[in-house]
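Quick look at data_12.tsv (TSV, C-alpha atoms):
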```tsv
chain	number	residue	atom	x	y	z
A	1	MET	CA	-3.72	1.02	-16.22
A	2	ALA	CA	-7.47	1.36	-16.56
A	3	GLY	CA	-9.78	1.44	-19.56
A	4	HIS	CA	-8.84	1.49	-23.23
A	5	ALA	CA	-7.32	4.37	-25.11
A	6	THR	CA	-8.04	5.43	-28.66
A	7	ASP	CA	-5.35	5.90	-31.28
A	8	GLU	CA	-5.85	9.68	-31.16
A	9	HIS	CA	-5.78	9.79	-27.37
A	10	PRO	CA	-3.27	7.13	-26.16
A	11	HIS	CA	-3.76	7.34	-22.42
A	12	GLY	CA	-5.76	5.94	-19.51
A	13	ALA	CA	-8.19	7.48	-17.05
A	14	ASP	CA	-5.31	8.26	-14.70
A	15	ARG	CA	-3.61	10.62	-17.19
A	16	LEU	CA	-6.14	12.37	-19.41
A	17	CYS	CA	-5.13	14.55	-22.34
A	18	ASP	CA	-5.59	18.31	-21.82
A	19	ALA	CA	-8.77	18.45	-23.90
A	20	GLY	CA	-10.28	15.46	-22.11
A	21	ASP	CA	-9.39	16.90	-18.73
A	22	ARG	CA	-11.17	20.16	-19.53
A	23	VAL	CA	-14.37	18.46	-20.74
A	24	TYR	CA	-14.51	15.96	-17.87
A	25	SER	CA	-13.82	18.69	-15.29
A	26	ARG	CA	-16.61	20.80	-16.76
A	27	ALA	CA	-18.98	17.81	-16.66
A	28	VAL	CA	-18.18	17.17	-12.98
A	29	ARG	CA	-18.75	20.83	-12.08
A	30	ARG	CA	-21.99	21.23	-14.01
A	31	GLY	CA	-23.43	17.74	-13.72
A	32	ARG	CA	-23.55	17.18	-17.51
A	33	VAL	CA	-22.24	18.51	-20.84
A	34	PRO	CA	-23.66	18.53	-24.39
A	35	ARG	CA	-22.71	15.48	-26.43
A	36	THR	CA	-21.09	17.81	-28.99
A	37	ASP	CA	-18.53	18.91	-26.37
A	38	ALA	CA	-17.20	15.35	-26.19
A	39	GLU	CA	-16.87	14.76	-29.94
A	40	PRO	CA	-13.24	16.04	-30.07
A	41	VAL	CA	-12.34	13.80	-27.09
A	42	PRO	CA	-13.72	10.29	-27.75
A	43	CYS	CA	-11.40	9.00	-25.04
A	44	LEU	CA	-13.90	10.08	-22.37
A	45	LEU	CA	-16.54	7.70	-23.72
A	46	GLU	CA	-13.98	4.95	-24.42
A	47	LEU	CA	-12.82	5.14	-20.79
A	48	ALA	CA	-16.43	5.33	-19.49
A	49	LEU	CA	-15.76	8.69	-17.86
A	50	LEU	CA	-18.85	10.09	-19.60
A	51	HIS	CA	-22.07	8.29	-20.50
A	52	PRO	CA	-25.41	9.33	-22.05
A	53	ASP	CA	-28.00	11.05	-19.88
A	54	PRO	CA	-31.00	8.66	-19.88
A	55	ASP	CA	-33.35	11.66	-19.69
A	56	ASP	CA	-31.85	13.42	-22.70
A	57	MET	CA	-29.51	11.57	-25.06
A	58	ALA	CA	-28.14	14.86	-26.40
A	59	TRP	CA	-26.30	15.29	-23.09
A	60	LEU	CA	-23.58	13.31	-21.33
A	61	VAL	CA	-23.22	12.88	-17.57
A	62	PRO	CA	-19.91	12.16	-15.78
A	63	THR	CA	-19.01	9.00	-13.93
A	64	ALA	CA	-18.46	9.96	-10.27
A	65	PRO	CA	-14.76	10.73	-9.57
A	66	GLN	CA	-14.94	8.40	-6.55
A	67	GLU	CA	-16.00	5.52	-8.80
A	68	VAL	CA	-13.19	6.32	-11.25
A	69	MET	CA	-10.66	6.33	-8.39
A	70	THR	CA	-11.93	2.99	-7.10
A	71	ARG	CA	-11.62	1.45	-10.57
A	72	LEU	CA	-8.05	2.71	-10.94
A	73	LEU	CA	-6.95	1.67	-7.43
A	74	ARG	CA	-8.43	-1.81	-7.81
A	75	GLY	CA	-6.25	-2.39	-10.86
A	76	VAL	CA	-3.13	-1.23	-9.05
A	77	TYR	CA	-3.99	-3.29	-5.94
A	78	ASP	CA	-4.28	-6.37	-8.17
A	79	GLU	CA	-0.84	-5.66	-9.64
A	80	VAL	CA	0.69	-5.17	-6.19
A	81	GLY	CA	-0.97	-8.33	-4.89
A	82	GLU	CA	0.56	-10.31	-7.73
A	83	SER	CA	3.94	-8.74	-6.92
A	84	HIS	CA	3.58	-9.85	-3.28
A	85	ARG	CA	2.92	-13.41	-4.39
A	86	ARG	CA	5.93	-13.43	-6.69
A	87	VAL	CA	8.22	-12.13	-3.94
A	88	GLY	CA	6.99	-14.89	-1.61
A	89	SER	CA	7.58	-17.54	-4.27
A	90	ALA	CA	11.09	-16.25	-4.96
A	91	VAL	CA	12.07	-16.31	-1.27
A	92	ALA	CA	10.52	-19.78	-0.77
A	93	ALA	CA	12.45	-21.13	-3.75
A	94	PHE	CA	15.70	-19.65	-2.45
A	95	GLU	CA	15.21	-21.20	1.01
A	96	ARG	CA	14.48	-24.61	-0.53
A	97	TYR	CA	17.58	-24.56	-2.73
A	98	ALA	CA	19.69	-23.25	0.14
A	99	GLY	CA	18.65	-26.24	2.24
A	100	LEU	CA	19.66	-28.69	-0.51
A	101	GLY	CA	23.25	-27.58	-0.56
A	102	ARG	CA	23.91	-25.37	2.44
A	103	ARG	CA	27.59	-26.29	2.85
A	104	VAL	CA	28.43	-25.86	-0.82
A	105	GLN	CA	26.51	-22.61	-0.96
A	106	ALA	CA	28.22	-21.22	2.15
A	107	SER	CA	31.63	-21.99	0.67
A	108	ALA	CA	30.73	-20.40	-2.68
A	109	MET	CA	29.30	-17.31	-1.03
A	110	ALA	CA	32.39	-16.91	1.16
A	111	SER	CA	34.62	-17.06	-1.93
A	112	ALA	CA	32.45	-14.57	-3.80
A	113	SER	CA	32.52	-12.27	-0.80
A	114	LEU	CA	36.30	-12.25	-0.81
A	115	GLU	CA	36.31	-11.47	-4.53
A	116	GLY	CA	34.13	-8.36	-4.24
A	117	GLY	CA	30.62	-9.26	-3.06
A	118	ALA	CA	27.95	-11.88	-3.70
A	119	ALA	CA	24.64	-11.29	-5.46
A	120	ILE	CA	22.83	-12.93	-2.51
A	121	ARG	CA	24.43	-13.14	0.91
A	122	VAL	CA	22.93	-14.63	4.08
A	123	LEU	CA	23.58	-12.57	7.21
A	124	ASP	CA	23.26	-14.77	10.30
A	125	GLY	CA	22.90	-12.84	13.56
A	126	LEU	CA	22.00	-9.29	14.48
A	127	SER	CA	25.63	-8.16	14.70
A	128	ARG	CA	26.35	-9.21	11.10
A	129	ILE	CA	23.12	-7.58	9.91
A	130	GLN	CA	23.95	-4.31	11.67
A	131	ALA	CA	27.51	-4.32	10.32
A	132	ALA	CA	26.34	-4.90	6.74
A	133	MET	CA	23.77	-2.13	6.99
A	134	ASP	CA	26.37	0.24	8.46
A	135	ASP	CA	28.61	-0.50	5.44
A	136	ALA	CA	25.73	0.14	3.04
A	137	THR	CA	24.91	3.40	4.85
A	138	GLU	CA	28.50	4.58	4.56
A	139	ALA	CA	28.55	3.83	0.82
A	140	CYS	CA	25.13	5.39	0.12
A	141	THR	CA	25.16	8.74	-1.68
A	142	GLY	CA	21.67	9.33	-3.08
A	143	GLU	CA	18.55	7.54	-1.86
A	144	VAL	CA	17.21	5.09	0.71
A	145	LEU	CA	13.83	3.37	0.38
A	146	THR	CA	12.34	1.48	3.35
A	147	VAL	CA	9.21	-0.50	4.11
A	148	GLN	CA	8.45	-0.78	7.82
A	149	PRO	CA	5.59	-3.22	8.62
A	150	GLY	CA	3.82	-3.56	11.94
A	151	GLY	CA	1.98	-0.99	14.00
A	152	ILE	CA	3.19	1.79	16.27
A	153	ARG	CA	6.97	1.98	16.15
A	154	ARG	CA	8.55	1.50	19.56
A	155	GLU	CA	11.30	3.87	20.69
A	156	PRO	CA	14.04	1.16	20.64
A	157	GLU	CA	13.15	0.32	17.03
A	158	LEU	CA	13.33	3.96	16.00
A	159	THR	CA	16.57	4.73	17.84
A	160	GLU	CA	18.28	1.49	16.71
A	161	GLY	CA	19.08	2.91	13.27
A	162	LEU	CA	19.01	6.61	14.17
A	163	HIS	CA	22.77	6.96	13.82
A	164	ARG	CA	22.50	5.70	10.23
A	165	ALA	CA	19.62	8.05	9.42
A	166	LEU	CA	21.50	11.06	10.80
A	167	ALA	CA	24.64	10.11	8.87
A	168	LEU	CA	22.60	9.85	5.66
A	169	ARG	CA	20.92	13.22	6.30
A	170	SER	CA	24.28	14.89	6.85
A	171	ARG	CA	25.35	13.80	3.34
A	172	GLY	CA	22.15	15.01	1.69
A	173	VAL	CA	20.73	11.52	1.09
A	174	ARG	CA	16.95	11.48	0.53
A	175	MET	CA	14.84	8.86	2.34
A	176	ARG	CA	11.35	7.57	1.58
A	177	ASP	CA	9.65	5.41	4.25
A	178	LEU	CA	6.45	3.36	4.03
A	179	TYR	CA	4.52	2.45	7.21
A	180	THR	CA	1.07	1.11	8.04
A	181	HIS	CA	-1.66	3.62	8.91
A	182	VAL	CA	-1.48	2.46	12.54
A	183	ALA	CA	2.06	3.84	12.83
A	184	ARG	CA	0.61	7.36	12.56
A	185	HIS	CA	-0.56	7.10	16.17
A	186	GLY	CA	2.95	6.65	17.60
A	187	GLN	CA	4.55	9.79	19.02
A	188	GLY	CA	7.99	8.26	18.47
A	189	LEU	CA	7.51	8.23	14.69
A	190	LEU	CA	6.29	11.82	14.68
A	191	ASN	CA	9.33	12.88	16.74
A	192	TYR	CA	11.63	11.02	14.34
A	193	LEU	CA	10.12	12.70	11.27
A	194	GLU	CA	10.38	16.12	12.93
A	195	LEU	CA	14.04	15.46	13.76
A	196	MET	CA	14.87	14.35	10.20
A	197	GLY	CA	13.01	17.23	8.54
A	198	ASP	CA	13.05	17.38	4.74
A	199	ALA	CA	15.48	14.45	4.53
A	200	VAL	CA	12.64	11.95	5.09
A	201	GLU	CA	9.28	11.64	3.34
A	202	ALA	CA	6.89	9.17	4.96
A	203	ARG	CA	3.64	7.68	3.71
A	204	THR	CA	1.25	5.04	5.06
A	205	LEU	CA	-0.97	2.22	3.77
A	206	ASP	CA	-3.47	-0.16	5.35
A	207	GLU	CA	-0.87	-2.91	4.99
A	208	VAL	CA	2.61	-3.24	3.50
A	209	VAL	CA	5.02	-6.02	2.55
A	210	ASP	CA	7.61	-7.35	5.00
A	211	ARG	CA	10.56	-5.18	5.96
A	212	LEU	CA	12.65	-3.92	3.04
A	213	ILE	CA	15.59	-1.48	2.95
A	214	LEU	CA	17.11	-0.34	-0.37
A	215	PHE	CA	20.30	1.72	-0.62
A	216	ASP	CA	20.95	3.66	-3.84
A	217	ARG	CA	18.99	1.00	-5.79
A	218	THR	CA	22.08	-1.22	-5.65
A	219	VAL	CA	21.75	-3.24	-2.43
A	220	ALA	CA	18.66	-4.41	-0.54
A	221	PHE	CA	18.08	-6.07	2.83
A	222	ILE	CA	15.08	-8.31	3.60
A	223	PRO	CA	14.35	-10.71	6.52
A	224	ALA	CA	15.39	-14.34	6.04
A	225	ASN	CA	13.43	-15.82	8.97
A	226	ALA	CA	10.40	-15.09	11.11
A	227	ASP	CA	12.19	-13.56	14.11
A	228	HIS	CA	14.42	-11.34	11.93
A	229	THR	CA	17.66	-12.73	13.33
A	230	MET	CA	18.77	-13.57	9.79
A	231	ALA	CA	18.65	-11.37	6.70
A	232	LEU	CA	19.42	-11.51	3.00
A	233	GLU	CA	21.73	-8.94	1.46
A	234	LEU	CA	20.78	-8.70	-2.21
A	235	ARG	CA	22.82	-7.11	-4.98
A	236	HIS	CA	21.51	-8.86	-8.09
A	237	PRO	CA	20.29	-6.13	-10.50
A	238	ALA	CA	17.13	-8.04	-11.47
A	239	LEU	CA	16.09	-8.48	-7.82
A	240	ILE	CA	16.86	-4.84	-7.03
A	241	ASP	CA	14.78	-3.65	-10.00
A	242	TYR	CA	11.93	-5.88	-8.87
A	243	PHE	CA	11.94	-4.51	-5.31
A	244	VAL	CA	12.12	-0.92	-6.57
A	245	THR	CA	9.07	-1.56	-8.77
A	246	VAL	CA	7.12	-3.01	-5.84
A	247	PHE	CA	8.10	-0.07	-3.64
A	248	ASP	CA	7.16	2.54	-6.24
A	249	ARG	CA	3.72	0.98	-6.79
A	250	LEU	CA	3.04	0.91	-3.07
A	251	TRP	CA	4.31	4.49	-2.77
A	252	ARG	CA	1.81	5.73	-5.35
A	253	LEU	CA	-1.03	4.18	-3.35
A	254	ALA	CA	0.17	5.45	0.02
A	255	ILE	CA	-1.00	8.60	1.83
A	256	PRO	CA	1.51	11.16	3.19
A	257	VAL	CA	1.73	11.14	7.00
A	258	ALA	CA	1.01	14.86	7.00
A	259	ALA	CA	-2.33	14.28	5.21
A	260	ALA	CA	-5.48	12.99	6.88
A	261	LEU	CA	-6.82	9.56	5.98
A	262	PRO	CA	-9.80	9.75	3.58
A	263	ASP	CA	-13.32	9.53	4.95
A	264	THR	CA	-14.98	6.19	4.26
A	265	GLY	CA	-18.21	7.87	3.17
A	266	ILE	CA	-20.24	5.58	5.44
A	267	GLU	CA	-21.43	7.08	8.70
A	268	GLY	CA	-20.05	5.35	11.80
A	269	ILE	CA	-17.35	3.34	9.98
A	270	SER	CA	-13.71	4.40	10.33
A	271	HIS	CA	-10.96	3.96	7.76
A	272	ARG	CA	-9.47	1.10	9.80
A	273	GLU	CA	-12.83	-0.66	10.08
A	274	GLN	CA	-13.21	-0.33	6.31
A	275	SER	CA	-9.86	-2.16	5.90
A	276	ILE	CA	-10.88	-4.84	8.40
A	277	ALA	CA	-14.18	-5.34	6.56
A	278	ALA	CA	-12.36	-5.92	3.26
A	279	LEU	CA	-10.08	-8.55	4.85
A	280	LEU	CA	-13.02	-10.22	6.58
A	281	ALA	CA	-14.76	-10.46	3.22
A	282	ASP	CA	-11.67	-12.23	1.87
A	283	GLY	CA	-12.07	-14.88	4.59
A	284	HIS	CA	-9.11	-13.97	6.82
A	285	GLN	CA	-9.14	-14.85	10.53
A	286	ASP	CA	-8.81	-12.22	13.28
A	287	ALA	CA	-5.13	-12.97	13.99
A	288	VAL	CA	-4.17	-12.67	10.32
A	289	ILE	CA	-6.07	-9.39	9.94
A	290	ALA	CA	-4.41	-7.99	13.06
A	291	GLU	CA	-0.92	-8.90	11.83
A	292	ARG	CA	-1.48	-7.44	8.37
A	293	LEU	CA	-2.81	-4.14	9.71
A	294	GLY	CA	-0.28	-3.85	12.53
A	295	ILE	CA	-2.77	-3.97	15.42
A	296	SER	CA	-3.37	-6.38	18.29
A	297	VAL	CA	-5.92	-9.19	18.01
A	298	ARG	CA	-7.86	-7.61	20.87
A	299	THR	CA	-8.08	-4.27	19.05
A	300	CYS	CA	-9.04	-6.04	15.84
A	301	ARG	CA	-11.93	-7.84	17.57
A	302	ALA	CA	-13.12	-4.59	19.14
A	303	HIS	CA	-13.32	-3.05	15.66
A	304	ILE	CA	-15.19	-6.11	14.36
A	305	ALA	CA	-17.69	-5.75	17.21
A	306	ARG	CA	-18.25	-2.11	16.28
A	307	LEU	CA	-18.65	-3.07	12.64
A	308	SER	CA	-21.30	-5.62	13.62
A	309	GLU	CA	-23.16	-3.04	15.66
A	310	THR	CA	-22.98	-0.31	13.00
A	311	LEU	CA	-24.07	-2.63	10.19
A	312	GLY	CA	-26.77	-4.28	12.27
A	313	ALA	CA	-25.29	-7.79	12.12
A	314	ALA	CA	-26.22	-10.32	14.79
A	315	SER	CA	-23.67	-12.97	13.71
A	316	ARG	CA	-20.37	-13.31	11.87
A	317	THR	CA	-22.19	-14.72	8.84
A	318	GLN	CA	-24.66	-11.84	8.79
A	319	LEU	CA	-21.77	-9.42	9.13
A	320	GLY	CA	-20.24	-10.80	5.92
A	321	VAL	CA	-23.56	-10.28	4.11
A	322	ARG	CA	-23.91	-6.71	5.37
A	323	ILE	CA	-20.30	-5.90	4.41
A	324	ALA	CA	-21.08	-6.95	0.85
A	325	GLN	CA	-24.37	-5.04	0.81
A	326	VAL	CA	-22.78	-1.69	1.65
A	327	GLY	CA	-19.79	-2.25	-0.63
A	328	LEU	CA	-17.01	-2.78	1.89
A	329	ASP	CA	-15.88	-6.13	0.50
A	330	GLY	CA	-13.19	-4.97	-1.93
A	331	ALA	CA	-9.49	-4.10	-1.67
A	332	ALA	CA	-10.41	-0.56	-2.66
A	333	ALA	CA	-13.83	-0.32	-1.07
A	334	ARG	CA	-16.65	0.64	-3.43
A	335	LEU	CA	-17.91	3.65	-1.54
A	336	PRO	CA	-21.24	5.30	-2.42
A	337	ASP	CA	-21.40	8.87	-3.70
A	338	VAL	CA	-23.24	10.01	-0.55
A	339	PRO	CA	-22.95	8.78	3.05
A	340	VAL	CA	-24.92	5.61	3.72
A	341	GLN	CA	-27.42	5.81	6.57
A	342	LEU	CA	-27.48	2.48	8.41
A	343	THR	CA	-30.42	1.35	10.50
A	344	PRO	CA	-29.48	-1.40	12.98
A	345	VAL	CA	-31.89	-4.32	13.23
A	346	ASP	CA	-33.12	-5.91	16.44
A	347	ARG	CA	-30.43	-8.29	17.59
A	348	GLU	CA	-28.58	-9.79	20.51
A	349	SER	CA	-25.12	-8.48	21.34
A	350	PRO	CA	-22.92	-8.64	18.24
A	351	THR	CA	-20.09	-11.13	18.05
A	352	ALA	CA	-16.67	-9.82	18.92
A	353	ARG	CA	-14.68	-12.70	17.54
```
Could you write out this file's structure as structure tokens?
Amino acid sequence: MAGHATDEHPHGADRLCDAGDRVYSRAVRRGRVPRTDAEPVPCLLELALLHPDPDDMAWLVPTAPQEVMTRLLRGVYDEVGESHRRVGSAVAAFERYAGLGRRVQASAMASASLEGGAAIRVLDGLSRIQAAMDDATEACTGEVLTVQPGGIRREPELTEGLHRALALRSRGVRMRDLYTHVARHGQGLLNYLELMGDAVEARTLDEVVDRLILFDRTVAFIPANADHTMALELRHPALIDYFVTVFDRLWRLAIPVAAALPDTGIEGISHREQSIAALLADGHQDAVIAERLGISVRTCRAHIARLSETLGAASRTQLGVRIAQVGLDGAAARLPDVPVQLTPVDRESPTAR
């Protein structure tokens, strides 16, 4: 995933060999190690986890663990971003072809359904969607994976599928759910997780893909239109494998709901403001940022105003410059090893747009 491995040590920085782990850990604890300690583990130099001490070339100093983590996460974020784009392209292509021959397709899908199930089936209307998901729930025996975008989960949304979740729990089915970080602030979600107990494991990310539900890695449901009144039921093995891969990569990046979000390392800037800064640096407008993070536009602009004040920016353009200067302009923000002390400059009221 990151760096190059030697023939003797075929691994990356995310899975060091035992010898490399011991030497790197010792270097982090002590601040440096003799160069001779690293001779049996050349992988540490190959992966840039150790580098020569400029004051004494006989010693090696470690690359900060935070920098190593950022390097690894950036690679995974790039992979996930490419996966997002491929999913969008696949859905767009399907919709285009469906429009070219809707009547023929509907007839073919109806025939396939009678013969035992179609690889891709369009579910038109909430009643058909609910019925199909009830059938999938009844047939499920092992695992359910879900991605739930948006912000705080409203009670109706949580109770809508509660009967399915309870039925799955009663049969010993394990569930893994992905939410946005904002969902952590909803009492309804916390109540739901307490009710489900060990049957559900939940994690959160700054942003996730659109809604996805996978039953037993054999059938998946995704939205087919913007208002979610239509859905696609997917059973093609290649599509299922693709969605499982996307889910697993997001899951590795996500943070358990029971764990606290990591500190940004920059005084006065919250984790959410760090995420907003990265999206601002990518050129996204307020409404797009709000939708991706699951917050309202008003809340998004309030965070931008606080960012401007904390970073000492008097305009939106200056804010972009300051975001880059302190290292908040990446998908996995390049945080400094020690908290950054920011000194606001003289300015008029910061922009809130």
**Q.** For region 122-127 of chain A: contacts at 9 Å, all atoms listed in the file, fewer than 4 positions along chain excluded, given as a PyMOL selection string
**A.** chain A and resi 106+109+131-132+224+228-234
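Put simply, CA of Arg306 (chain A) is 8.4 Å away from CA of Glu273 (chain A).
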Q: Would you mind listing what lies within 10 Å of Leu212 (chain A) as a list in words, with only C-alpha atoms counted and same-chain residues fewer than 2 positions away left out?
A: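 Contacts, in chain order: Leu145, Thr146, Val147, Gln148, Pro149, Asp177, Leu178, Val209, Asp210, Leu214, Ala220, Phe221, Ile222, Pro223, Phe243 and Phe247 of chain A.
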Q: Could you check which of A:Met175, A:Ala290, A:Val246, A:Ala167 is closest to Glu79 (chain A), using only C-alpha atoms?
A: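 Distance minimum relative to Glu79 (chain A) lands on A:Val246.
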Q. Any idea what's packed within 12 Å of Gly161 (chain A), counting all atoms listed in the file, ignoring anything in its chain fewer than 4 positions away? Could you give it as a list in words?
A.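 Final neighbour list, sorted by chain and number: Ile129, Gln130, Ala131, Met133, Asp134, Thr137, Glu155, Pro156, Glu157, Ala165, Leu166, Ala167, Leu168, Tyr192 and Ile213 of chain A.
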Selection from above, C-alpha atoms, as an mmCIF file, in the frame of the given file, can you write it?
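As a result, selection_16.cif now contains:
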```
data_model
loop_
_atom_site.group_PDB
_atom_site.id
_atom_site.type_symbol
_atom_site.label_atom_id
_atom_site.label_comp_id
_atom_site.auth_asym_id
_atom_site.auth_seq_id
_atom_site.Cartn_x
_atom_site.Cartn_y
_atom_site.Cartn_z
ATOM 1 C CA ILE A 129 23.120 -7.580 9.910
ATOM 2 C CA GLN A 130 23.950 -4.310 11.670
ATOM 3 C CA ALA A 131 27.510 -4.320 10.320
ATOM 4 C CA MET A 133 23.770 -2.130 6.990
ATOM 5 C CA ASP A 134 26.370 0.240 8.460
ATOM 6 C CA THR A 137 24.910 3.400 4.850
ATOM 7 C CA GLU A 155 11.300 3.870 20.690
ATOM 8 C CA PRO A 156 14.040 1.160 20.640
ATOM 9 C CA GLU A 157 13.150 0.320 17.030
ATOM 10 C CA ALA A 165 19.620 8.050 9.420
ATOM 11 C CA LEU A 166 21.500 11.060 10.800
ATOM 12 C CA ALA A 167 24.640 10.110 8.870
ATOM 13 C CA LEU A 168 22.600 9.850 5.660
ATOM 14 C CA TYR A 192 11.630 11.020 14.340
ATOM 15 C CA ILE A 213 15.590 -1.480 2.950
#
```
Q: Would you work out the distance separating CA of Leu205 (chain A) from CA of Pro237 (chain A), expressed in Å to one decimal?
A: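 Distance reported for this atom pair: 26.9 Å.
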**Q.** Pairwise distance for CA of Arg176 (chain A) and CA of Ala259 (chain A), rounded to one decimal in Å
**A.**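 So the answer is 15.7 Å.
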Q: Tell me which protein, DNA and RNA residues are within 12 Å of Val208 (chain A), counting all atoms listed in the file, leaving out same-chain ones fewer than 3 positions away, and put them as a ChimeraX atom specification.
A: /A:77,80-81,83-84,146-151,177-183,203-205,211-212,246-247,249-251,253-254,291-294
**Q.** Counting only C-alpha atoms, the option among A:Leu307, A:Glu267, A:Asp37, A:Ala64 closest to Leu49 (chain A)
**A.**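 Counting only C-alpha atoms, the residue closest to Leu49 (chain A) is A:Ala64.
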With a distance cut-off of 8 Å and only C-alpha atoms, select the neighbouring residues of Cys300 (chain A), excluding the residue or stretch itself and same-chain residues fewer than 5 positions from it, and output the selection as a PDB file with C-alpha atoms, in the frame of the given file.
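File produced: out_26.pdb:
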```pdb
ATOM      1  CA  ILE A 276     -10.880  -4.840   8.400  1.00  0.00           C
ATOM      2  CA  ASP A 286      -8.810 -12.220  13.280  1.00  0.00           C
ATOM      3  CA  ILE A 289      -6.070  -9.390   9.940  1.00  0.00           C
ATOM      4  CA  ALA A 290      -4.410  -7.990  13.060  1.00  0.00           C
ATOM      5  CA  ILE A 295      -2.770  -3.970  15.420  1.00  0.00           C
TER       6      ILE A 295
END
```
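Across A:Arg26, A:Gly265, A:Ala90, A:Pro65, the tightest approach to Gly327 (chain A) is made by A:Gly265 when counting all atoms listed in the file.
Comparing the minimum interatomic distances between Asn225 (chain A) and each of A:Gly312, A:Leu162, A:Val61, A:Ala92, counting all atoms listed in the file, we find that A:Ala92 sits nearest.
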Write out as a Markdown table a residue-level contact list of region 248-322 of chain A versus region 195-202 of chain A with cut-off 9 Å: for each qualifying residue the closest pair of atoms and the distance in Å to one decimal, counting all atoms listed in the file, rows sorted by chain and residue number upward.
```
| residue | atom | partner | partner_atom | distance |
| --- | --- | --- | --- | --- |
| A:Ile255 | CA | A:Ala202 | CA | 8.5 |
| A:Pro256 | CA | A:Ala202 | CA | 6.0 |
| A:Val257 | CA | A:Ala202 | CA | 5.9 |
| A:Ala258 | CA | A:Ala202 | CA | 8.4 |
```
Q: Could you tell me which of A:Val91, A:Asp216, A:His236, A:Gly20 comes closest to Gly142 (chain A) if we count all atoms listed in the file?
A: A:Asp216
How would region 214-225 of chain A read, as a PDB file, in the frame of the given file, once N, CA, C and O atoms are built in?
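As a result, selection-v6.pdb now contains:
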```pdb
ATOM      1  N   LEU A 214      16.373  -0.443   0.899  1.00  0.00           N
ATOM      2  CA  LEU A 214      17.110  -0.340  -0.370  1.00  0.00           C
ATOM      3  C   LEU A 214      18.036   0.874  -0.321  1.00  0.00           C
ATOM      4  O   LEU A 214      17.593   1.994  -0.064  1.00  0.00           O
ATOM      5  N   PHE A 215      19.323   0.636  -0.582  1.00  0.00           N
ATOM      6  CA  PHE A 215      20.300   1.720  -0.620  1.00  0.00           C
ATOM      7  C   PHE A 215      20.714   1.983  -2.060  1.00  0.00           C
ATOM      8  O   PHE A 215      21.222   1.086  -2.746  1.00  0.00           O
ATOM      9  N   ASP A 216      20.480   3.215  -2.518  1.00  0.00           N
ATOM     10  CA  ASP A 216      20.950   3.660  -3.840  1.00  0.00           C
ATOM     11  C   ASP A 216      20.532   2.720  -4.979  1.00  0.00           C
ATOM     12  O   ASP A 216      21.180   2.689  -6.021  1.00  0.00           O
ATOM     13  N   ARG A 217      19.477   1.949  -4.766  1.00  0.00           N
ATOM     14  CA  ARG A 217      18.990   1.000  -5.790  1.00  0.00           C
ATOM     15  C   ARG A 217      20.093   0.056  -6.262  1.00  0.00           C
ATOM     16  O   ARG A 217      20.100  -0.380  -7.418  1.00  0.00           O
ATOM     17  N   THR A 218      21.011  -0.276  -5.323  1.00  0.00           N
ATOM     18  CA  THR A 218      22.080  -1.220  -5.650  1.00  0.00           C
ATOM     19  C   THR A 218      22.156  -2.380  -4.671  1.00  0.00           C
ATOM     20  O   THR A 218      22.617  -3.461  -5.034  1.00  0.00           O
ATOM     21  N   VAL A 219      21.723  -2.169  -3.435  1.00  0.00           N
ATOM     22  CA  VAL A 219      21.750  -3.240  -2.430  1.00  0.00           C
ATOM     23  C   VAL A 219      20.484  -3.161  -1.591  1.00  0.00           C
ATOM     24  O   VAL A 219      20.031  -2.070  -1.226  1.00  0.00           O
ATOM     25  N   ALA A 220      19.906  -4.339  -1.318  1.00  0.00           N
ATOM     26  CA  ALA A 220      18.660  -4.410  -0.540  1.00  0.00           C
ATOM     27  C   ALA A 220      18.843  -5.408   0.597  1.00  0.00           C
ATOM     28  O   ALA A 220      19.604  -6.371   0.489  1.00  0.00           O
ATOM     29  N   PHE A 221      18.094  -5.171   1.687  1.00  0.00           N
ATOM     30  CA  PHE A 221      18.080  -6.070   2.830  1.00  0.00           C
ATOM     31  C   PHE A 221      16.639  -6.474   3.111  1.00  0.00           C
ATOM     32  O   PHE A 221      15.763  -5.614   3.209  1.00  0.00           O
ATOM     33  N   ILE A 222      16.392  -7.807   3.235  1.00  0.00           N
ATOM     34  CA  ILE A 222      15.080  -8.310   3.600  1.00  0.00           C
ATOM     35  C   ILE A 222      15.254  -9.388   4.662  1.00  0.00           C
ATOM     36  O   ILE A 222      16.319 -10.009   4.744  1.00  0.00           O
ATOM     37  N   PRO A 223      14.237  -9.650   5.499  1.00  0.00           N
ATOM     38  CA  PRO A 223      14.350 -10.710   6.520  1.00  0.00           C
ATOM     39  C   PRO A 223      14.487 -12.079   5.854  1.00  0.00           C
ATOM     40  O   PRO A 223      13.932 -12.323   4.784  1.00  0.00           O
ATOM     41  N   ALA A 224      15.228 -12.970   6.540  1.00  0.00           N
ATOM     42  CA  ALA A 224      15.390 -14.340   6.040  1.00  0.00           C
ATOM     43  C   ALA A 224      14.724 -15.363   6.956  1.00  0.00           C
ATOM     44  O   ALA A 224      14.718 -16.549   6.643  1.00  0.00           O
ATOM     45  N   ASN A 225      14.176 -14.913   8.101  1.00  0.00           N
ATOM     46  CA  ASN A 225      13.430 -15.820   8.970  1.00  0.00           C
ATOM     47  C   ASN A 225      12.392 -15.015   9.743  1.00  0.00           C
ATOM     48  O   ASN A 225      12.351 -13.783   9.676  1.00  0.00           O
TER      49      ASN A 225
END
```
